[in-house]
file run.cif (mmCIF, C-alpha atoms and all ligand atoms)
data_upload
#
loop_
_atom_site.label_atom_id
_atom_site.label_comp_id
_atom_site.auth_asym_id
_atom_site.auth_seq_id
_atom_site.Cartn_x
_atom_site.Cartn_y
_atom_site.Cartn_z
CA MET A 259 -11.41 18.67 -10.92
CA SER A 260 -10.27 15.20 -9.82
CA ALA A 261 -6.71 14.60 -8.68
CA PRO A 262 -4.38 13.51 -11.47
CA TYR A 263 -3.47 10.44 -9.43
CA GLN A 264 -5.20 8.22 -6.90
CA ALA A 265 -3.82 5.84 -4.31
CA SER A 266 -6.31 3.06 -4.96
CA ALA A 267 -5.80 -0.36 -6.54
CA SER A 268 -8.79 0.10 -8.84
CA TRP A 269 -7.43 3.39 -10.17
CA ALA A 270 -3.96 1.90 -10.74
CA GLU A 271 -5.47 -1.10 -12.53
CA GLN A 272 -7.54 1.18 -14.74
CA GLN A 273 -4.44 3.11 -15.73
CA ASP A 274 -2.56 -0.07 -16.52
CA ALA A 275 -5.44 -1.46 -18.58
CA ALA A 276 -5.55 1.75 -20.63
CA ASP A 277 -1.78 1.85 -21.16
CA PRO A 278 -0.99 1.57 -24.89
CA LEU A 279 2.37 -0.07 -24.06
CA ARG A 280 0.90 -2.63 -21.60
CA THR A 281 1.57 -5.72 -23.76
CA PHE A 282 5.36 -5.12 -23.72
CA ARG A 283 5.44 -6.41 -20.14
CA ASP A 284 4.48 -9.86 -21.45
CA GLU A 285 7.67 -9.93 -23.50
CA PHE A 286 9.81 -9.99 -20.34
CA LEU A 287 10.52 -12.55 -17.64
CA ILE A 288 9.46 -10.95 -14.36
CA PRO A 289 11.41 -12.50 -11.45
CA PRO A 290 8.92 -14.25 -9.16
CA HIS A 291 8.53 -13.69 -5.45
CA GLU A 292 6.64 -16.32 -3.45
CA GLY A 293 4.81 -17.56 -6.51
CA ARG A 294 3.80 -14.13 -7.86
CA ASP A 295 5.53 -11.49 -9.96
CA SER A 296 7.86 -9.37 -7.88
CA HIS A 297 7.64 -5.59 -8.18
CA TYR A 298 10.89 -5.07 -10.02
CA PHE A 299 12.26 -1.52 -9.78
CA CYS A 300 15.87 -2.33 -10.61
CA GLY A 301 15.96 -1.79 -14.37
CA ASN A 302 18.47 0.98 -13.66
CA SER A 303 20.87 -1.70 -12.44
CA LEU A 304 19.99 -4.86 -14.36
CA GLY A 305 17.14 -4.73 -16.87
CA LEU A 306 14.93 -7.80 -17.25
CA GLN A 307 15.34 -10.60 -19.74
CA PRO A 308 13.27 -10.41 -22.93
CA ARG A 309 11.62 -13.81 -23.41
CA ALA A 310 12.85 -13.99 -27.00
CA VAL A 311 16.52 -13.98 -25.95
CA ARG A 312 16.74 -17.68 -25.14
CA ALA A 313 15.63 -18.89 -28.58
CA ALA A 314 17.76 -16.27 -30.32
CA ILE A 315 20.89 -17.46 -28.51
CA ALA A 316 19.98 -21.09 -29.20
CA SER A 317 19.71 -20.21 -32.88
CA GLU A 318 23.29 -18.87 -32.99
CA LEU A 319 24.48 -21.97 -31.12
CA ASP A 320 22.77 -24.07 -33.80
CA TYR A 321 24.56 -22.13 -36.55
CA TRP A 322 27.86 -22.62 -34.76
CA GLY A 323 27.14 -26.35 -34.46
CA GLU A 324 26.09 -26.74 -38.06
CA LEU A 325 28.32 -24.27 -39.87
CA GLY A 326 31.46 -23.90 -37.77
CA VAL A 327 33.64 -21.15 -39.22
CA GLU A 328 31.25 -20.73 -42.14
CA GLY A 329 28.84 -19.08 -39.69
CA HIS A 330 30.81 -15.89 -40.28
CA PHE A 331 29.37 -15.75 -43.80
CA LYS A 332 26.25 -17.92 -43.73
CA GLY A 333 23.17 -18.25 -41.58
CA ARG A 334 20.38 -15.71 -41.21
CA LEU A 335 22.68 -13.11 -39.64
CA PRO A 336 26.29 -13.87 -40.56
CA TRP A 337 28.66 -13.20 -37.67
CA MET A 338 31.23 -11.22 -39.65
CA ASP A 339 29.36 -7.93 -39.34
CA TYR A 340 27.12 -8.83 -36.45
CA HIS A 341 27.60 -5.50 -34.65
CA GLU A 342 26.03 -3.84 -37.69
CA PHE A 343 22.75 -5.62 -36.98
CA VAL A 344 22.26 -3.55 -33.83
CA ARG A 345 23.61 -0.31 -35.23
CA ASP A 346 20.49 1.38 -36.63
CA ASP A 347 18.37 0.61 -33.58
CA LEU A 348 21.12 1.75 -31.25
CA ALA A 349 21.51 4.98 -33.22
CA ALA A 350 17.76 5.58 -32.92
CA VAL A 351 17.82 5.04 -29.14
CA VAL A 352 20.63 7.57 -28.59
CA GLY A 353 19.67 10.03 -31.35
CA ALA A 354 22.78 9.57 -33.45
CA GLN A 355 23.60 8.77 -37.03
CA PRO A 356 24.31 5.07 -37.53
CA SER A 357 27.98 5.74 -38.37
CA GLU A 358 28.39 7.55 -35.02
CA VAL A 359 27.65 4.53 -32.80
CA VAL A 360 29.19 1.14 -32.20
CA ALA A 361 28.38 -1.72 -29.83
CA MET A 362 31.65 -3.00 -28.40
CA ASN A 363 33.52 -3.90 -25.20
CA THR A 364 32.07 -2.66 -21.92
CA LEU A 365 31.57 0.81 -20.49
CA GLY A 366 34.85 1.05 -18.56
CA VAL A 367 36.89 -0.15 -21.53
CA ASN A 368 35.14 2.24 -23.90
CA LEU A 369 35.68 5.15 -21.51
CA HIS A 370 39.41 4.48 -21.58
CA LEU A 371 39.48 4.03 -25.37
CA MET A 372 37.62 7.30 -25.83
CA MET A 373 39.95 9.14 -23.48
CA VAL A 374 42.95 7.86 -25.41
CA SER A 375 41.56 9.85 -28.34
CA PHE A 376 39.81 12.73 -26.60
CA TYR A 377 41.93 13.43 -23.54
CA ARG A 378 45.13 14.80 -25.06
CA PRO A 379 46.57 16.93 -22.28
CA SER A 380 49.14 19.66 -22.88
CA ALA A 381 51.13 21.85 -20.49
CA GLU A 382 48.41 24.53 -20.71
CA ARG A 383 45.36 22.31 -20.94
CA TYR A 384 45.60 19.17 -18.84
CA ALA A 385 42.62 19.04 -16.45
CA ILE A 386 39.48 16.90 -16.47
CA LEU A 387 36.26 18.24 -15.00
CA ILE A 388 33.87 15.70 -13.44
CA GLU A 389 31.12 15.86 -10.83
CA GLN A 390 31.89 15.18 -7.19
CA GLY A 391 30.66 11.75 -6.15
CA ALA A 392 31.02 10.33 -9.65
CA PHE A 393 30.52 6.59 -10.16
CA PRO A 394 33.73 4.83 -9.07
CA THR A 395 34.70 3.58 -12.54
CA ASP A 396 34.46 7.07 -13.95
CA ARG A 397 36.56 8.55 -11.21
CA TYR A 398 39.15 5.77 -11.34
CA ALA A 399 39.29 6.01 -15.12
CA VAL A 400 39.87 9.76 -15.30
CA GLU A 401 42.32 9.72 -12.41
CA SER A 402 44.35 6.89 -13.93
CA GLN A 403 44.39 8.61 -17.34
CA ILE A 404 45.68 11.78 -15.70
CA ARG A 405 48.48 9.82 -14.02
CA PHE A 406 49.17 7.86 -17.20
CA HIS A 407 49.89 11.14 -18.98
CA GLY A 408 52.24 12.22 -16.19
CA TYR A 409 49.98 14.77 -14.49
CA ASP A 410 48.97 14.97 -10.86
CA PRO A 411 45.26 14.50 -10.06
CA ALA A 412 45.65 17.04 -7.24
CA GLN A 413 45.94 19.71 -9.96
CA ALA A 414 44.41 17.99 -12.94
CA LEU A 415 41.20 16.50 -11.53
CA ILE A 416 38.50 19.07 -10.89
CA GLU A 417 35.53 17.61 -9.00
CA LEU A 418 32.54 19.88 -9.10
CA ALA A 419 30.56 19.95 -5.84
CA GLY A 420 26.77 19.95 -6.05
CA ASP A 421 25.32 23.41 -5.39
CA GLY A 422 21.66 22.40 -5.45
CA PRO A 423 19.38 20.49 -3.08
CA ASN A 424 20.59 16.97 -2.15
CA GLY A 425 23.89 17.35 -3.97
CA THR A 426 22.39 18.14 -7.38
CA LEU A 427 24.43 20.27 -9.74
CA SER A 428 23.13 23.33 -11.58
CA LEU A 429 24.15 24.37 -15.07
CA GLU A 430 25.23 27.67 -13.51
CA ALA A 431 27.73 25.83 -11.30
CA ILE A 432 29.22 24.16 -14.36
CA GLU A 433 29.30 27.55 -16.09
CA ARG A 434 31.08 29.15 -13.11
CA ALA A 435 33.62 26.32 -12.92
CA LEU A 436 34.44 26.69 -16.60
CA ALA A 437 34.68 30.47 -16.29
CA GLU A 438 37.23 29.92 -13.53
CA HIS A 439 39.15 26.86 -14.79
CA GLY A 440 38.11 26.52 -18.45
CA ALA A 441 41.47 27.53 -19.91
CA ARG A 442 43.21 24.56 -18.27
CA VAL A 443 40.41 22.03 -18.79
CA ALA A 444 41.10 19.53 -21.58
CA LEU A 445 38.02 17.37 -21.04
CA VAL A 446 34.59 17.82 -19.47
CA MET A 447 33.24 14.40 -18.53
CA LEU A 448 29.76 14.26 -17.00
CA PRO A 449 26.93 11.75 -16.70
CA GLY A 450 23.68 11.86 -18.65
CA ILE A 451 21.97 10.95 -15.38
CA GLN A 452 23.85 10.96 -12.08
CA TYR A 453 23.55 7.46 -10.64
CA ARG A 454 23.06 8.46 -7.00
CA THR A 455 20.84 11.54 -7.25
CA GLY A 456 19.01 10.56 -10.43
CA GLN A 457 19.57 14.07 -11.81
CA ALA A 458 19.47 14.35 -15.61
CA PHE A 459 21.77 16.87 -17.28
CA ASP A 460 21.22 19.05 -20.32
CA LEU A 461 23.80 17.52 -22.63
CA GLN A 462 23.46 20.11 -25.36
CA ALA A 463 23.91 23.04 -22.98
CA ILE A 464 26.91 21.42 -21.31
CA ALA A 465 28.54 20.54 -24.63
CA ALA A 466 28.06 24.11 -25.89
CA LEU A 467 29.57 25.53 -22.69
CA ALA A 468 32.54 23.18 -22.80
CA HIS A 469 33.24 23.92 -26.45
CA ARG A 470 33.00 27.66 -25.85
CA HIS A 471 35.89 27.21 -23.42
CA GLY A 472 37.88 25.08 -25.87
CA CYS A 473 37.37 21.80 -23.98
CA THR A 474 36.36 18.46 -25.46
CA VAL A 475 33.27 16.93 -23.88
CA GLY A 476 32.18 13.34 -23.25
CA PHE A 477 29.17 11.86 -21.50
CA ASP A 478 28.67 8.67 -19.52
CA LEU A 479 25.17 7.57 -20.45
CA ALA A 480 25.00 4.43 -18.28
CA HIS A 481 21.76 5.60 -16.65
CA ALA A 482 20.43 7.64 -19.55
CA VAL A 483 20.48 5.23 -22.47
CA GLY A 484 17.10 3.57 -23.01
CA ASN A 485 15.72 5.84 -20.28
CA LEU A 486 15.69 9.34 -21.75
CA PRO A 487 15.21 10.18 -25.41
CA LEU A 488 18.68 11.40 -26.33
CA GLN A 489 19.82 13.58 -29.22
CA LEU A 490 23.51 12.78 -29.11
CA HIS A 491 24.33 14.04 -32.57
CA ASP A 492 22.59 17.38 -32.02
CA SER A 493 24.07 17.70 -28.54
CA GLY A 494 27.42 18.24 -30.22
CA ALA A 495 29.23 16.02 -27.68
CA ASP A 496 32.58 14.73 -28.89
CA PHE A 497 31.99 11.25 -27.52
CA ALA A 498 29.77 9.22 -25.23
CA ILE A 499 29.89 5.75 -23.72
CA TRP A 500 27.33 3.52 -22.02
CA CYS A 501 26.58 0.03 -20.77
CA SER A 502 23.61 -1.97 -22.03
CA TYR A 503 22.56 -4.10 -19.05
CA LYS A 504 20.62 -1.33 -17.31
CA TYR A 505 17.60 0.14 -19.14
CA LEU A 506 18.69 -1.50 -22.40
CA ASN A 507 17.91 -4.98 -20.99
CA SER A 508 20.82 -6.64 -22.81
CA GLY A 509 21.85 -8.96 -19.99
CA PRO A 510 24.43 -9.12 -17.19
CA GLY A 511 27.80 -7.80 -18.34
CA ALA A 512 26.32 -6.99 -21.75
CA VAL A 513 28.33 -5.42 -24.56
CA GLY A 514 28.61 -1.66 -24.07
CA GLY A 515 28.44 1.16 -26.59
CA ALA A 516 30.24 4.25 -27.78
CA PHE A 517 29.36 7.37 -29.75
CA VAL A 518 31.88 9.43 -31.67
CA HIS A 519 30.54 12.60 -33.24
CA GLU A 520 30.52 12.72 -37.03
CA ARG A 521 32.94 15.65 -37.06
CA HIS A 522 35.65 13.21 -35.91
CA ALA A 523 34.70 10.47 -38.40
CA GLU A 524 37.55 11.06 -40.83
CA ALA A 525 39.98 12.79 -38.51
CA ALA A 526 42.22 9.74 -37.98
CA LEU A 527 42.53 10.66 -34.30
CA PRO A 528 45.18 8.83 -32.29
CA ARG A 529 43.71 5.70 -30.75
CA PHE A 530 44.49 2.25 -29.44
CA ALA A 531 43.90 0.15 -32.53
CA GLY A 532 42.86 -3.41 -33.32
CA TRP A 533 42.10 -5.31 -36.51
CA TRP A 534 38.35 -4.87 -36.26
CA GLY A 535 38.72 -1.10 -36.38
CA HIS A 536 40.67 -1.39 -39.61
CA ASP A 537 38.92 -0.41 -42.83
CA LYS A 538 36.51 -3.24 -43.48
CA HIS A 539 37.38 -3.44 -47.19
CA SER A 540 41.06 -4.17 -46.66
CA ARG A 541 40.95 -5.83 -43.22
CA PHE A 542 41.59 -9.29 -44.59
CA GLN A 543 44.59 -8.24 -46.58
CA MET A 544 46.14 -8.39 -43.11
CA GLY A 545 48.57 -5.55 -43.90
CA PRO A 546 50.92 -4.08 -41.29
CA GLN A 547 49.51 -0.55 -41.54
CA PHE A 548 46.37 0.38 -39.57
CA VAL A 549 43.80 2.25 -41.68
CA PRO A 550 40.81 3.12 -39.49
CA THR A 551 37.25 2.57 -40.68
CA PRO A 552 35.62 6.02 -40.75
CA GLY A 553 33.24 6.65 -37.84
CA ALA A 554 32.74 4.92 -34.52
CA ASP A 555 33.47 1.48 -36.03
CA GLY A 556 37.09 2.57 -36.31
CA TRP A 557 37.51 2.27 -32.53
CA GLN A 558 36.75 -1.46 -32.42
CA LEU A 559 39.53 -3.72 -31.28
CA SER A 560 38.22 -7.22 -31.68
CA ASN A 561 35.68 -9.22 -33.60
CA PRO A 562 32.40 -8.92 -31.73
CA PRO A 563 31.22 -11.46 -29.11
CA ILE A 564 28.26 -12.85 -31.04
CA LEU A 565 26.51 -14.64 -28.17
CA ALA A 566 26.75 -11.50 -26.03
CA LEU A 567 25.31 -9.32 -28.79
CA VAL A 568 22.23 -11.49 -29.27
CA PRO A 569 20.29 -10.14 -26.25
CA MET A 570 21.03 -6.58 -27.37
CA ARG A 571 19.71 -7.30 -30.84
CA VAL A 572 16.53 -8.78 -29.37
CA SER A 573 16.15 -5.95 -26.88
CA LEU A 574 16.74 -3.15 -29.35
CA GLU A 575 14.08 -4.63 -31.60
CA ILE A 576 11.66 -4.16 -28.68
CA PHE A 577 12.81 -0.54 -28.30
CA ARG A 578 12.22 -0.03 -32.02
CA ARG A 579 8.61 -1.18 -31.71
CA ALA A 580 7.92 0.77 -28.53
CA GLY A 581 9.82 3.91 -29.60
CA MET A 582 11.66 6.20 -27.21
CA PRO A 583 9.04 9.02 -27.37
CA ARG A 584 6.23 6.68 -26.26
CA LEU A 585 8.44 5.09 -23.60
CA ARG A 586 9.34 8.50 -22.24
CA GLU A 587 5.68 9.52 -22.17
CA LYS A 588 4.81 6.46 -20.09
CA SER A 589 7.90 6.88 -17.96
CA LEU A 590 6.88 10.44 -17.06
CA ARG A 591 3.47 9.16 -15.92
CA LEU A 592 4.83 6.21 -13.94
CA THR A 593 7.57 8.14 -12.17
CA GLY A 594 5.13 11.02 -11.68
CA TYR A 595 2.77 8.59 -9.95
CA LEU A 596 5.54 7.19 -7.77
CA GLU A 597 6.55 10.73 -6.80
CA TRP A 598 2.94 11.68 -6.04
CA LEU A 599 2.52 8.62 -3.82
CA VAL A 600 5.65 9.48 -1.89
CA ARG A 601 4.76 13.16 -1.47
CA HIS A 602 1.06 12.68 -0.71
CA GLU A 603 0.94 9.37 1.12
CA LEU A 604 4.38 8.95 2.62
CA ALA A 605 5.69 12.43 3.38
CA ASP A 606 6.07 11.41 7.04
CA VAL A 607 8.37 8.52 6.08
CA LEU A 608 10.30 9.38 2.93
CA ASP A 609 12.11 12.23 1.27
CA ILE A 610 13.00 12.43 -2.43
CA VAL A 611 16.56 13.26 -3.48
CA THR A 612 15.93 13.34 -7.26
CA PRO A 613 14.88 16.70 -8.76
CA ALA A 614 11.13 17.37 -8.78
CA ASP A 615 11.33 18.81 -12.32
CA PRO A 616 10.53 15.88 -14.67
CA ALA A 617 12.86 17.40 -17.29
CA GLN A 618 15.72 16.87 -14.84
CA ARG A 619 15.22 13.17 -14.23
CA GLY A 620 14.50 9.86 -15.93
CA ALA A 621 12.67 6.86 -14.50
CA GLN A 622 14.59 6.70 -11.23
CA LEU A 623 13.68 8.30 -7.93
CA SER A 624 16.38 8.27 -5.28
CA ILE A 625 14.68 8.14 -1.92
CA ARG A 626 15.85 8.71 1.62
CA VAL A 627 14.12 7.49 4.75
CA LEU A 628 13.48 10.14 7.41
CA GLY A 629 15.25 9.20 10.61
CA GLY A 630 18.60 8.20 9.19
CA ARG A 631 20.63 5.49 7.58
CA GLU A 632 19.70 2.60 9.90
CA ARG A 633 16.00 3.12 9.32
CA GLY A 634 16.69 3.40 5.61
CA ARG A 635 18.53 0.11 5.61
CA ALA A 636 15.70 -1.51 7.63
CA LEU A 637 13.09 -0.33 5.13
CA PHE A 638 15.20 -1.52 2.22
CA ASP A 639 15.54 -5.00 3.75
CA TYR A 640 11.79 -5.08 4.41
CA LEU A 641 11.00 -4.14 0.82
CA MET A 642 13.34 -6.80 -0.60
CA ALA A 643 11.82 -9.43 1.70
CA HIS A 644 8.38 -8.48 0.40
CA GLY A 645 9.23 -8.70 -3.30
CA ILE A 646 9.74 -4.95 -3.89
CA ILE A 647 13.08 -4.96 -5.69
CA GLY A 648 15.03 -1.70 -5.62
CA ASP A 649 18.65 -1.08 -4.76
CA TRP A 650 20.62 0.52 -1.98
CA ARG A 651 23.38 3.05 -2.54
CA GLU A 652 25.58 4.10 0.34
CA PRO A 653 25.30 6.02 2.48
CA ASP A 654 21.51 6.23 2.65
CA VAL A 655 19.77 6.10 -0.72
CA ILE A 656 17.13 3.65 -1.96
CA ARG A 657 16.79 3.80 -5.73
CA ILE A 658 13.40 2.91 -7.21
CA SER A 659 13.11 2.93 -11.01
CA PRO A 660 9.83 2.11 -12.73
CA ALA A 661 10.84 1.06 -16.25
CA PRO A 662 8.12 1.79 -18.81
CA LEU A 663 8.64 -1.44 -20.77
CA TYR A 664 7.56 -3.68 -17.90
CA ASN A 665 6.50 -1.70 -14.83
CA ARG A 666 2.92 -0.72 -14.04
CA HIS A 667 1.08 1.78 -11.89
CA ALA A 668 0.19 -1.23 -9.73
CA ASP A 669 3.89 -1.72 -8.96
CA CYS A 670 4.24 1.88 -7.77
CA LEU A 671 1.19 1.45 -5.55
CA ALA A 672 2.58 -1.82 -4.15
CA PHE A 673 5.77 0.03 -3.23
CA ALA A 674 3.80 2.73 -1.40
CA GLN A 675 1.66 0.17 0.43
CA ALA A 676 4.71 -1.80 1.53
CA VAL A 677 6.37 1.36 2.89
CA ARG A 678 3.17 2.17 4.79
CA SER A 679 2.99 -1.37 6.25
CA TRP A 680 6.60 -1.18 7.36
CA HIS A 681 6.06 2.22 8.94
CA SER A 682 2.99 1.08 10.85
CA LEU A 683 5.08 -1.73 12.39
CA GLY A 684 6.75 1.16 14.24
C1 LIG B 1 26.77 1.16 -14.29
C2 LIG B 1 27.82 2.19 -14.45
C3 LIG B 1 29.13 1.82 -14.79
C4 LIG B 1 29.54 0.38 -14.94
O1 LIG B 1 30.65 0.19 -15.72
P1 LIG B 1 30.98 -1.23 -16.39
O2 LIG B 1 32.22 -0.98 -17.13
O3 LIG B 1 29.80 -1.56 -17.27
O4 LIG B 1 31.12 -2.24 -15.30
C5 LIG B 1 30.06 2.84 -14.98
N1 LIG B 1 29.72 4.14 -14.81
C6 LIG B 1 28.46 4.51 -14.47
C7 LIG B 1 28.13 5.95 -14.31
C8 LIG B 1 27.49 3.54 -14.27
O5 LIG B 1 26.26 3.91 -13.91
#

call {"tool": "encode", "arguments": {"input": "run.cif", "output": "structure tokens"}}
result
Amino acid sequence: MSAPYQASASWAEQQDAADPLRTFRDEFLIPPHEGRDSHYFCGNSLGLQPRAVRAAIASELDYWGELGVEGHFKGRLPWMDYHEFVRDDLAAVVGAQPSEVVAMNTLGVNLHLMMVSFYRPSAERYAILIEQGAFPTDRYAVESQIRFHGYDPAQALIELAGDGPNGTLSLEAIERALAEHGARVALVMLPGIQYRTGQAFDLQAIAALAHRHGCTVGFDLAHAVGNLPLQLHDSGADFAIWCSYKYLNSGPGAVGGAFVHERHAEAALPRFAGWWGHDKHSRFQMGPQFVPTPGADGWQLSNPPILALVPMRVSLEIFRRAGMPRLREKSLRLTGYLEWLVRHELADVLDIVTPADPAQRGAQLSIRVLGGRERGRALFDYLMAHGIIGDWREPDVIRISPAPLYNRHADCLAFAQAVRSWHSLG
């Protein structure tokens, strides 16, 4: 039997030529390096620009120029309900019902808005459970919410230490923490994929555990959305939030998203309100009393930033055509190839932090260089100088993320060859 993977250019090219999703790459602008396409592995940080975005933005600018305020009601896609034009595709990407998702604000803002509704501490139940080493925004947000409600993070912030290899966190550790602290935990707040380790979590299992202990549960899907096929509705999570500039390719600082489970749709939960969350049918009566729109739309504050939503609309249309199941299938092959190259060709140079079980990761592999941080930094600089674009996360991690919409087997091989060249320099 032949090996499932080979470290040759001809093999990689064959795989890419046979890839049913290969033409999607042509729909993106690949940043050049010295006159050729770079090997862009940073879709986990800033996804690439779909070519169709420029014309789509120009079209809205034309409507603005020609219609002025009438653009809210006229034009091909009237601005009034523009966020609704991305809703169905967004719901499909995260596995939710359309009424459970909304594109609005940015991740950090949405996290706070969701905690206003879903972190309602009481004298008995006041704590928030997060993972140790959480992304700074998430930690700052939960800590500031705890203080805002008059509690002390020293008692009310529970940071769960990784119990697995390389700081990964097992479901059993979460189970043990809830068995010990569950009665005082108000909110369990975990990532879909941990940004530093690349570990993917079982959202459904975590949500079930949290609910069994009477906690609400929310997920930060910054690194999971557009990367893993999600089933947010079935997961039972109370809420989720994400940004759209990573795998969703919606542009720098893109509009973020939020999910609120259907069971809260009509509950009139306390929230920070704005006119765009008001029931659409009576919004323009401009009454003094806030009546929330049922579902996730009811958390909107402001009328949507049309120009910022355009790239998301274009990008989600690409996701609709590609489909998350097919993207995941290709992603498993690409990341599997990258992993194989590291383990079989570069085991003397690199070590992988991300779990080896494909079910516990998305596109990203977090990689460490044997020999310590300084060597890691040197390799990272070498890669960047040679058009292999990844990113560096302190203290010693290089993140490499082949994104199935535009990366190829040839990119993974180029990464491995560049590491080998660097290593042979001594
Ligand atoms: C990327 C990322 C963020 C970024 O938040 P913004 O509000 O979009 O700046 C927050 N949390 C996590 C886990 C992330 O990966």

call {"tool": "residues_near_ligand", "arguments": {"input": "run.cif", "ligand": "ligand LIG 1 (chain B)", "cutoff": "6 Å", "atoms": "only C-alpha atoms and all ligand atoms", "output": "JSON, numbers by chain"}}
result
{"A": [364, 365, 366, 393, 395, 396, 453, 478, 480, 481, 501]}

call {"tool": "closest_residue", "arguments": {"input": "run.cif", "among": "A:Leu559, A:Lys588, A:Phe497, A:Asp615", "to": "A:Ala276", "atoms": "all atoms listed in the file"}}
result
A:Lys588

call {"tool": "atom_distance", "arguments": {"input": "run.cif", "atom1": "atom CA of A:Leu608", "atom2": "atom CA of A:Gly450"}}
result
25.5 Å

call {"tool": "residues_around", "arguments": {"input": "run.cif", "residues": "A:Ala580", "least_positions_apart": "5", "cutoff": "10 Å", "atoms": "all atoms listed in the file", "output": "PyMOL selection string"}}
result
chain A and resi 278-279+282+574-575+585+662-663

call {"tool": "atom_distance", "arguments": {"input": "run.cif", "atom1": "atom CA of A:Phe548", "atom2": "atom CA of A:Leu527"}}
result
12.2 Å

call {"tool": "closest_residue", "arguments": {"input": "run.cif", "among": "A:Arg584, A:Arg529, A:Arg619, A:His439", "to": "A:Gln457", "atoms": "all atoms listed in the file"}}
result
A:Arg619
